[in-house]
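J.: Following this line is run-v8.cif, made up of mmCIF, C-alpha atoms:
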data_coords
loop_
_atom_site.label_atom_id
_atom_site.label_comp_id
_atom_site.auth_asym_id
_atom_site.auth_seq_id
_atom_site.Cartn_x
_atom_site.Cartn_y
_atom_site.Cartn_z
CA MET G 1 7.10 -3.49 -44.93
CA LEU G 2 5.69 -0.45 -43.24
CA LEU G 3 2.08 -1.06 -42.36
CA THR G 4 0.19 2.07 -41.54
CA VAL G 5 -3.49 1.68 -41.03
CA THR G 6 -5.22 2.68 -37.88
CA GLY G 7 -2.58 3.89 -35.48
CA VAL G 8 -4.48 2.83 -32.43
CA ALA G 9 -2.29 1.50 -29.74
CA LEU G 10 1.26 1.34 -30.89
CA VAL G 11 1.89 5.05 -31.15
CA GLY G 12 0.75 7.37 -28.47
CA ALA G 13 -1.43 4.96 -26.57
CA CYS G 14 -1.35 4.67 -22.81
CA ALA G 15 -3.63 7.51 -21.97
CA ALA G 16 -4.14 7.85 -18.27
CA PRO G 17 -7.08 5.72 -17.23
CA SER G 18 -10.12 7.32 -15.77
CA ASP G 19 -11.30 6.14 -12.41
CA LYS G 20 -14.79 5.61 -13.75
CA THR G 21 -14.27 2.07 -14.88
CA SER G 22 -11.37 1.14 -12.67
CA PRO G 23 -11.72 -2.37 -11.29
CA GLY G 24 -12.20 -1.33 -7.70
CA SER G 25 -10.53 1.67 -6.13
CA SER G 26 -8.05 0.94 -3.40
CA PRO G 27 -9.40 1.63 0.07
CA ALA G 28 -5.91 2.49 1.31
CA LYS G 29 -5.29 6.20 1.78
CA PRO G 30 -1.94 7.93 1.50
CA VAL G 31 -0.16 8.32 4.83
CA PRO G 32 -0.45 11.98 5.87
CA ALA G 33 2.68 14.10 5.85
CA GLY G 34 4.65 13.81 9.07
CA GLN G 35 3.17 10.43 9.96
CA PRO G 36 5.21 7.22 10.04
CA ASP G 37 4.80 5.09 6.95
CA PRO G 38 6.04 1.53 7.49
CA VAL G 39 5.63 0.77 3.78
CA ARG G 40 8.02 3.57 2.82
CA ASP G 41 10.35 2.68 5.69
CA ARG G 42 10.62 -0.90 4.45
CA ALA G 43 11.12 0.19 0.85
CA LEU G 44 13.82 2.69 1.86
CA ALA G 45 15.55 0.04 3.97
CA ALA G 46 15.56 -2.34 1.03
CA GLU G 47 17.06 0.31 -1.26
CA SER G 48 19.69 1.16 1.34
CA ASP G 49 20.59 -2.51 1.63
CA LEU G 50 20.91 -2.90 -2.13
CA ILE G 51 23.05 0.23 -2.44
CA ALA G 52 25.34 -1.14 0.28
CA ARG G 53 25.62 -4.40 -1.62
CA TYR G 54 26.66 -2.57 -4.80
CA ASP G 55 29.17 -0.48 -2.88
CA ALA G 56 30.67 -3.64 -1.42
CA ALA G 57 30.76 -5.31 -4.82
CA LEU G 58 32.37 -2.29 -6.49
CA ALA G 59 35.08 -2.31 -3.83
CA LEU G 60 36.13 -5.84 -4.73
CA PRO G 61 39.36 -6.12 -6.75
CA SER G 62 37.80 -8.71 -9.04
CA VAL G 63 35.01 -6.30 -9.94
CA GLY G 64 37.29 -3.28 -10.15
CA ALA G 65 39.43 -5.12 -12.68
CA ASP G 66 36.44 -5.49 -15.00
CA ALA G 67 35.62 -2.07 -16.41
CA VAL G 68 32.46 -3.19 -18.19
CA LEU G 69 31.07 -4.90 -15.12
CA SER G 70 31.99 -1.97 -12.88
CA ALA G 71 30.18 0.45 -15.18
CA LYS G 72 27.12 -1.78 -15.20
CA LEU G 73 27.05 -2.03 -11.41
CA ARG G 74 27.52 1.72 -11.02
CA THR G 75 24.58 2.33 -13.36
CA ILE G 76 22.34 -0.03 -11.40
CA ARG G 77 23.48 1.50 -8.11
CA ALA G 78 22.50 4.93 -9.43
CA GLU G 79 19.05 3.58 -10.28
CA HIS G 80 18.64 2.44 -6.69
CA SER G 81 19.56 5.93 -5.55
CA SER G 82 16.80 7.21 -7.83
CA HIS G 83 14.40 4.70 -6.27
CA ALA G 84 15.29 5.86 -2.77
CA ALA G 85 14.87 9.50 -3.73
CA ALA G 86 11.46 8.85 -5.27
CA ILE G 87 10.25 6.72 -2.35
CA GLY G 88 11.48 9.26 0.17
CA ALA G 89 10.19 12.32 -1.71
CA GLY G 90 7.99 14.36 0.60
CA TYR G 91 8.32 11.80 3.35
CA THR G 92 9.65 12.64 6.78
CA PRO G 93 10.65 9.49 8.63
CA PRO G 94 9.39 9.10 12.21
CA PRO G 95 11.10 11.28 14.85
CA SER G 96 12.52 8.22 16.59
CA THR G 97 14.61 7.60 13.51
CA PRO G 98 17.29 10.19 12.72
CA SER G 99 16.67 11.55 9.26
CA SER G 100 20.33 11.16 8.37
CA THR G 101 20.06 7.41 8.86
CA PRO G 102 16.38 6.76 8.30
CA LEU G 103 16.85 3.03 7.89
CA SER G 104 18.59 2.06 11.07
CA SER G 105 15.50 1.04 12.99
CA THR G 106 14.32 -1.37 10.32
CA PRO G 107 16.29 -4.56 9.91
CA PRO G 108 17.30 -5.21 6.32
CA PRO G 109 15.46 -8.07 4.64
CA SER G 110 18.60 -10.17 4.60
CA PRO G 111 22.18 -9.80 5.82
CA PRO G 112 24.18 -7.30 3.77
CA ALA G 113 26.51 -8.86 1.29
CA ALA G 114 29.30 -6.93 2.94
CA THR G 115 29.33 -9.30 5.91
CA VAL G 116 30.54 -12.20 3.78
CA PRO G 117 32.08 -10.63 0.71
CA PRO G 118 32.30 -13.03 -2.21
CA VAL G 119 35.60 -12.53 -3.90
CA ASP G 120 35.10 -13.55 -7.50
CA ALA G 121 33.08 -11.38 -9.85
CA LYS G 122 30.82 -14.17 -11.07
CA THR G 123 29.63 -15.07 -7.58
CA THR G 124 29.23 -11.40 -6.74
CA VAL G 125 27.01 -10.83 -9.74
CA ALA G 126 24.89 -13.90 -8.96
CA THR G 127 24.49 -12.75 -5.35
CA LEU G 128 23.45 -9.26 -6.48
CA ALA G 129 20.94 -10.72 -8.92
CA LYS G 130 19.37 -12.81 -6.16
CA ALA G 131 19.22 -9.78 -3.85
CA GLU G 132 17.46 -7.80 -6.60
CA GLN G 133 14.96 -10.59 -7.21
CA ASP G 134 14.33 -11.00 -3.49
CA ALA G 135 13.79 -7.27 -3.06
CA ALA G 136 11.31 -7.23 -5.94
CA SER G 137 9.37 -10.17 -4.53
CA ALA G 138 9.36 -8.74 -1.03
CA ARG G 139 7.53 -5.59 -2.20
CA THR G 140 4.36 -7.39 -3.25
CA THR G 141 2.61 -7.46 0.12
CA ASP G 142 3.18 -3.75 0.66
CA ILE G 143 2.09 -2.91 -2.88
CA LEU G 144 -1.22 -4.66 -2.23
CA SER G 145 -1.86 -2.83 1.04
CA THR G 146 -0.82 0.72 0.23
CA ASP G 147 -2.50 3.64 -1.55
CA ALA G 148 -2.77 3.77 -5.33
CA ALA G 149 0.04 6.24 -6.03
CA THR G 150 2.52 4.53 -3.70
CA ALA G 151 1.53 1.15 -5.11
CA MET G 152 2.31 2.33 -8.64
CA LEU G 153 5.69 3.70 -7.61
CA LEU G 154 6.66 0.57 -5.66
CA ALA G 155 5.45 -1.69 -8.47
CA SER G 156 7.71 0.20 -10.85
CA VAL G 157 10.61 -0.10 -8.42
CA ALA G 158 10.00 -3.85 -8.06
CA ALA G 159 9.83 -4.20 -11.85
CA SER G 160 13.09 -2.29 -12.15
CA GLU G 161 14.73 -4.62 -9.66
CA ALA G 162 13.53 -7.70 -11.52
CA GLY G 163 14.99 -6.06 -14.62
CA HIS G 164 18.31 -5.58 -12.83
CA ALA G 165 18.37 -9.27 -12.00
CA ALA G 166 17.74 -10.09 -15.66
CA LEU G 167 20.46 -7.70 -16.75
CA LEU G 168 22.95 -9.19 -14.31
CA LEU G 169 22.16 -12.77 -15.26
CA GLY G 170 22.01 -12.11 -19.01
CA GLY G 171 19.99 -14.26 -21.36
CA THR G 172 17.39 -13.64 -24.00
CA ALA G 173 13.98 -12.08 -23.61
CA MET U 11 -10.74 4.81 -21.37
CA SER U 12 -10.20 2.47 -18.45
CA ALA U 13 -6.80 1.07 -17.54
CA PHE U 14 -7.96 -2.34 -18.79
CA GLN U 15 -9.08 -1.02 -22.15
CA THR U 16 -5.80 0.84 -22.65
CA ALA U 17 -3.88 -2.28 -21.71
CA LEU U 18 -5.99 -4.33 -24.12
CA GLY U 19 -5.25 -1.92 -26.95
CA ASN U 20 -1.55 -2.23 -26.21
CA GLU U 21 -1.76 -6.03 -26.07
CA TYR U 22 -3.41 -6.06 -29.51
CA ALA U 23 -0.60 -3.86 -30.77
CA ALA U 24 2.00 -6.10 -29.13
CA VAL U 25 0.57 -9.24 -30.73
CA TYR U 26 0.59 -7.48 -34.08
CA GLY U 27 4.05 -6.03 -33.54
CA TYR U 28 5.66 -9.29 -32.46
CA GLY U 29 4.15 -10.91 -35.53
CA VAL U 30 5.89 -8.32 -37.65
CA LEU U 31 9.22 -8.35 -35.86
CA ALA U 32 9.70 -12.07 -35.10
CA VAL U 33 10.58 -12.84 -38.71
CA ARG U 34 13.61 -10.52 -38.49
CA LEU U 35 15.10 -12.49 -35.61
CA THR U 36 16.91 -15.81 -35.45
CA GLY U 37 17.83 -18.39 -32.84
CA ALA U 38 17.13 -17.59 -29.20
CA GLN U 39 15.80 -14.14 -30.03
CA ARG U 40 13.31 -15.61 -32.48
CA THR U 41 12.16 -18.06 -29.82
CA ALA U 42 11.88 -15.25 -27.28
CA ALA U 43 9.76 -13.20 -29.68
CA GLN U 44 7.50 -16.17 -30.34
CA ASN U 45 7.11 -16.75 -26.59
CA ALA U 46 6.26 -13.10 -26.11
CA TYR U 47 3.72 -13.31 -28.92
CA ASP U 48 2.02 -16.25 -27.20
CA THR U 49 2.10 -14.53 -23.82
CA HIS U 50 0.55 -11.36 -25.18
CA ARG U 51 -2.20 -13.27 -26.96
CA ALA U 52 -3.07 -14.97 -23.67
CA ARG U 53 -3.07 -11.65 -21.80
CA ARG U 54 -5.22 -10.09 -24.45
CA ASP U 55 -7.79 -12.81 -23.83
CA ILE U 56 -7.60 -12.42 -20.05
CA LEU U 57 -8.13 -8.67 -20.35
CA ILE U 58 -11.12 -9.19 -22.61
CA GLY U 59 -12.58 -11.44 -19.92
CA TRP U 60 -11.99 -8.86 -17.20
CA ILE U 61 -13.55 -6.07 -19.23
CA GLU U 62 -16.60 -8.17 -20.06
CA ALA U 63 -16.91 -9.16 -16.39
CA GLN U 64 -17.19 -5.45 -15.60
CA GLY U 65 -20.09 -5.21 -18.03
CA ASP U 66 -18.06 -3.22 -20.55
CA LYS U 67 -17.48 -3.88 -24.20
CA PRO U 68 -13.81 -4.62 -24.97
CA VAL U 69 -12.24 -2.34 -27.53
CA ALA U 70 -11.90 -4.09 -30.87
CA ALA U 71 -8.58 -4.94 -32.43
CA ALA U 72 -7.58 -2.89 -35.43
CA PRO U 73 -6.79 -4.76 -38.64
CA ALA U 74 -3.27 -3.38 -38.40
CA TYR U 75 -1.22 -1.10 -36.21
CA THR U 76 1.23 1.62 -37.01
CA ILE U 77 4.78 0.41 -36.89
CA PRO U 78 6.76 3.56 -36.09
CA PHE U 79 9.75 2.68 -38.27
CA PRO U 80 10.59 0.07 -40.91
CA VAL U 81 11.50 -3.29 -39.39
CA ASN U 82 14.11 -4.66 -41.76
CA THR U 83 16.86 -5.88 -39.44
CA ALA U 84 17.27 -7.69 -36.15
CA ALA U 85 18.22 -4.36 -34.55
CA ASP U 86 14.96 -2.83 -35.80
CA ALA U 87 13.09 -5.83 -34.42
CA THR U 88 14.57 -5.60 -30.93
CA ARG U 89 13.98 -1.84 -30.90
CA LEU U 90 10.32 -2.36 -31.75
CA ALA U 91 9.99 -5.14 -29.17
CA THR U 92 11.46 -2.80 -26.56
CA GLN U 93 8.90 -0.13 -27.42
CA LEU U 94 6.04 -2.62 -27.27
CA GLU U 95 7.08 -3.80 -23.81
CA GLU U 96 7.60 -0.25 -22.57
CA ARG U 97 4.07 0.70 -23.60
CA LEU U 98 2.69 -2.41 -21.92
CA GLY U 99 4.64 -1.58 -18.80
CA ALA U 100 3.00 1.84 -18.68
CA SER U 101 -0.39 0.20 -19.15
CA TYR U 102 0.18 -2.17 -16.27
CA ALA U 103 1.50 0.56 -13.99
CA ASP U 104 -1.88 2.22 -14.61
CA VAL U 105 -3.66 -1.06 -13.84
CA VAL U 106 -1.77 -1.27 -10.53
CA GLN U 107 -2.87 2.24 -9.67
CA ALA U 108 -6.49 1.67 -10.68
CA SER U 109 -7.03 -1.67 -8.95
CA ASP U 110 -6.55 -3.59 -5.75
CA GLY U 111 -6.36 -7.18 -4.56
CA ASP U 112 -5.69 -9.91 -7.08
CA VAL U 113 -6.01 -7.60 -10.07
CA ARG U 114 -3.37 -5.30 -8.63
CA ARG U 115 -1.17 -8.34 -7.96
CA THR U 116 -1.55 -9.38 -11.58
CA GLY U 117 -0.78 -5.83 -12.68
CA VAL U 118 2.48 -5.96 -10.72
CA GLU U 119 3.38 -9.31 -12.28
CA TRP U 120 2.68 -8.11 -15.81
CA LEU U 121 4.48 -4.79 -15.27
CA THR U 122 7.46 -6.81 -14.02
CA ASP U 123 7.27 -9.11 -17.03
CA ALA U 124 7.21 -6.17 -19.41
CA ALA U 125 10.15 -4.55 -17.61
CA VAL U 126 12.22 -7.73 -17.73
CA ARG U 127 11.48 -8.28 -21.42
CA ALA U 128 12.32 -4.65 -22.18
CA VAL U 129 15.66 -5.02 -20.36
CA ARG U 130 16.49 -8.11 -22.39
CA TRP U 131 15.57 -6.51 -25.71
CA ARG U 132 17.20 -3.21 -24.85
CA GLY U 133 20.27 -4.57 -23.07
CA THR U 134 20.07 -1.88 -20.40
CA SER U 135 17.84 -1.14 -17.42
CA VAL U 136 15.70 1.85 -16.49
CA PRO U 137 14.93 3.05 -12.94
CA PHE U 138 11.16 3.41 -13.34
CA PRO U 139 9.63 0.98 -15.83
CA GLY U 140 6.03 1.88 -16.59
CA LEU U 141 6.51 5.44 -15.38
CA PRO U 142 8.12 7.15 -18.38
CA GLU U 143 7.54 10.56 -16.83
CA ARG U 144 10.07 9.60 -14.14
CA ASP U 145 12.71 8.06 -16.37
#
Have the structure of the file written as structure tokens, please.
T.:
Amino acid sequence: MLLTVTGVALVGACAAPSDKTSPGSSPAKPVPAGQPDPVRDRALAAESDLIARYDAALALPSVGADAVLSAKLRTIRAEHSSHAAAIGAGYTPPPSTPSSTPLSSTPPPSPPAATVPPVDAKTTVATLAKAEQDAASARTTDILSTDAATAMLLASVAASEAGHAALLLGGTA
Amino acid sequence: MSAFQTALGNEYAAVYGYGVLAVRLTGAQRTAAQNAYDTHRARRDILIGWIEAQGDKPVAAAPAYTIPFPVNTAADATRLATQLEERLGASYADVVQASDGDVRRTGVEWLTDAAVRAVRWRGTSVPFPGLPERD
């Protein structure tokens, strides 16, 4: 049955909120252009680590032999590239860090999967899912300390990563 | 309208929508829809509490909400559930932006929840849940 009464929230809701009644505006200010931003540096390092993990996984014969899995991993990898591009947009990493490798000065949150490559696809997928979940969880502190716009972006990235973990592990909503 | 009020409107719609769509699902999907229904009812009540604590009057629920297409099959049901969660994700991205401290933390958790549910209903991921202008 098609119920059509007052189309309040289901269609076309989500207007941008006004600041007037916001529950407390964040005191954090955006980092000025050209200044180091440890929050962005950490987020970029995490994305770089995840991309490396997907590259390592996609290079495994067991993954390469599974076309469906390979396609899924390539799609998720591309989403991490989108994350990195969005996080890095308009941001110039500190001069001490070469822009071509902006992540080298920040240790990754955990050892790259490439150091101990799991060989079977099932283990690889489980390891990737855990890395996604860990990356999502690790963002929370920075999301709480950074400016409003960066917080919203990083929250979306963290939510995407939790979604990747769910997609990799399967299951029902 | 504040981020909370928009989120509340979308939670009302989600409760209504899950009520409509759950009956088209079976097995684990039916259970998942019922769990989502319960979760969204609880969040609706939490949001009402937050809005009242700010001294505002919570928006009222409508008697019914527009369902954008007929929900006759399980595929229709999961498509609607995906849309409901996507709208909630956008609401909670706005809450994250408009808040700080514990409220922002909760906004992150609920945005994440919405994104995970949307992935499970949709079967695919998106790079920027809650930020449809980026996807």
J.: I'd like the interatomic distance between CA of Gln64 (chain U) and CA of Glu96 (chain U), to a tenth of an Å.
T.: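 Those two atoms sit 26.3 Å apart.
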J.: Report as a PyMOL selection string the full result of the PyMOL selection byres ((chain U) within 6 of (chain G)) when it is applied to this structure.
T.: chain U and resi 11-13+16+19-20+23+42+74-76+80+101+103+106-110+118+122+125-127+129-130+137-139
J.: Looking at all atoms listed in the file, which of U:Thr92, U:Arg51, U:Ala84, U:Phe14 is the one that sits closest to Gly37 (chain U)?
T.: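 Checking each of U:Thr92, U:Arg51, U:Ala84, U:Phe14 against Gly37 (chain U), counting all atoms listed in the file, the winner is U:Ala84.
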J.: If you measure from CA of Ala67 (chain G) to CA of Val119 (chain G), what distance in Å do you get, rounded to one decimal?
T.: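 That distance, rounded to one decimal, is 16.3 Å.
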J.: Using all atoms listed in the file, which protein or nucleic acid residues come within 9 Å of Leu44 (chain G)? Drop anything in the same chain fewer than 3 positions from it, and give the result as a PyMOL selection string.
T.: chain G and resi 39-41+47-49+83-85+87-88+102-103
J.: When you draw a straight line from CA of Ala46 (chain G) to CA of Asp134 (chain G), how long is it in Å?
T.: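 Between these atoms lies a distance of 9.8 Å.
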J.: Using only the atoms of region 28-39 of chain U listed in the file, plus 8 Å on each side, state the axis-aligned box centre and edge lengths in Å rounded to one decimal, as JSON.
T.:
{"center_x": 11.0, "center_y": -13.4, "center_z": -34.0, "size_x": 29.7, "size_y": 26.1, "size_z": 25.5}
J.: From the options G:Ala131, G:Ala121, G:Ala138, G:Ala89, which residue's atoms come nearest to Val68 (chain G), counting all atoms listed in the file?
T.: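 Checking each candidate against Val68 (chain G), we get G:Ala121 as the closest.
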J.: With distances taken over only C-alpha atoms, which residue among U:Val30, U:Ile61, U:Ala17, U:Leu98 lies nearest Asn82 (chain U)?
T.: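 Looking only at the distances to Asn82 (chain U), the closest residue turns out to be U:Val30.
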J.: Pick out the closest residue to Ala72 (chain U) from this set: U:Ala85, U:Leu94, U:Leu121, U:Ala24. Count all atoms listed in the file.
T.: U:Ala24
J.: What lies within 12 Å of Ala57 (chain G) using only C-alpha atoms, ignoring chain neighbours under 4 positions off, as a VMD selection string?
T.: chain G and resid 50 to 53 61 to 66 69 to 74 76 to 77 112 to 129
J.: Go ahead and dump the residues you just picked, C-alpha atoms, as a PDB file, keeping the file's coordinate frame.
T.:
ATOM      1  CA  LEU G  50      20.910  -2.900  -2.130  1.00  0.00           C
ATOM      2  CA  ILE G  51      23.050   0.230  -2.440  1.00  0.00           C
ATOM      3  CA  ALA G  52      25.340  -1.140   0.280  1.00  0.00           C
ATOM      4  CA  ARG G  53      25.620  -4.400  -1.620  1.00  0.00           C
ATOM      5  CA  PRO G  61      39.360  -6.120  -6.750  1.00  0.00           C
ATOM      6  CA  SER G  62      37.800  -8.710  -9.040  1.00  0.00           C
ATOM      7  CA  VAL G  63      35.010  -6.300  -9.940  1.00  0.00           C
ATOM      8  CA  GLY G  64      37.290  -3.280 -10.150  1.00  0.00           C
ATOM      9  CA  ALA G  65      39.430  -5.120 -12.680  1.00  0.00           C
ATOM     10  CA  ASP G  66      36.440  -5.490 -15.000  1.00  0.00           C
ATOM     11  CA  LEU G  69      31.070  -4.900 -15.120  1.00  0.00           C
ATOM     12  CA  SER G  70      31.990  -1.970 -12.880  1.00  0.00           C
ATOM     13  CA  ALA G  71      30.180   0.450 -15.180  1.00  0.00           C
ATOM     14  CA  LYS G  72      27.120  -1.780 -15.200  1.00  0.00           C
ATOM     15  CA  LEU G  73      27.050  -2.030 -11.410  1.00  0.00           C
ATOM     16  CA  ARG G  74      27.520   1.720 -11.020  1.00  0.00           C
ATOM     17  CA  ILE G  76      22.340  -0.030 -11.400  1.00  0.00           C
ATOM     18  CA  ARG G  77      23.480   1.500  -8.110  1.00  0.00           C
ATOM     19  CA  PRO G 112      24.180  -7.300   3.770  1.00  0.00           C
ATOM     20  CA  ALA G 113      26.510  -8.860   1.290  1.00  0.00           C
ATOM     21  CA  ALA G 114      29.300  -6.930   2.940  1.00  0.00           C
ATOM     22  CA  THR G 115      29.330  -9.300   5.910  1.00  0.00           C
ATOM     23  CA  VAL G 116      30.540 -12.200   3.780  1.00  0.00           C
ATOM     24  CA  PRO G 117      32.080 -10.630   0.710  1.00  0.00           C
ATOM     25  CA  PRO G 118      32.300 -13.030  -2.210  1.00  0.00           C
ATOM     26  CA  VAL G 119      35.600 -12.530  -3.900  1.00  0.00           C
ATOM     27  CA  ASP G 120      35.100 -13.550  -7.500  1.00  0.00           C
ATOM     28  CA  ALA G 121      33.080 -11.380  -9.850  1.00  0.00           C
ATOM     29  CA  LYS G 122      30.820 -14.170 -11.070  1.00  0.00           C
ATOM     30  CA  THR G 123      29.630 -15.070  -7.580  1.00  0.00           C
ATOM     31  CA  THR G 124      29.230 -11.400  -6.740  1.00  0.00           C
ATOM     32  CA  VAL G 125      27.010 -10.830  -9.740  1.00  0.00           C
ATOM     33  CA  ALA G 126      24.890 -13.900  -8.960  1.00  0.00           C
ATOM     34  CA  THR G 127      24.490 -12.750  -5.350  1.00  0.00           C
ATOM     35  CA  LEU G 128      23.450  -9.260  -6.480  1.00  0.00           C
ATOM     36  CA  ALA G 129      20.940 -10.720  -8.920  1.00  0.00           C
TER      37      ALA G 129
END
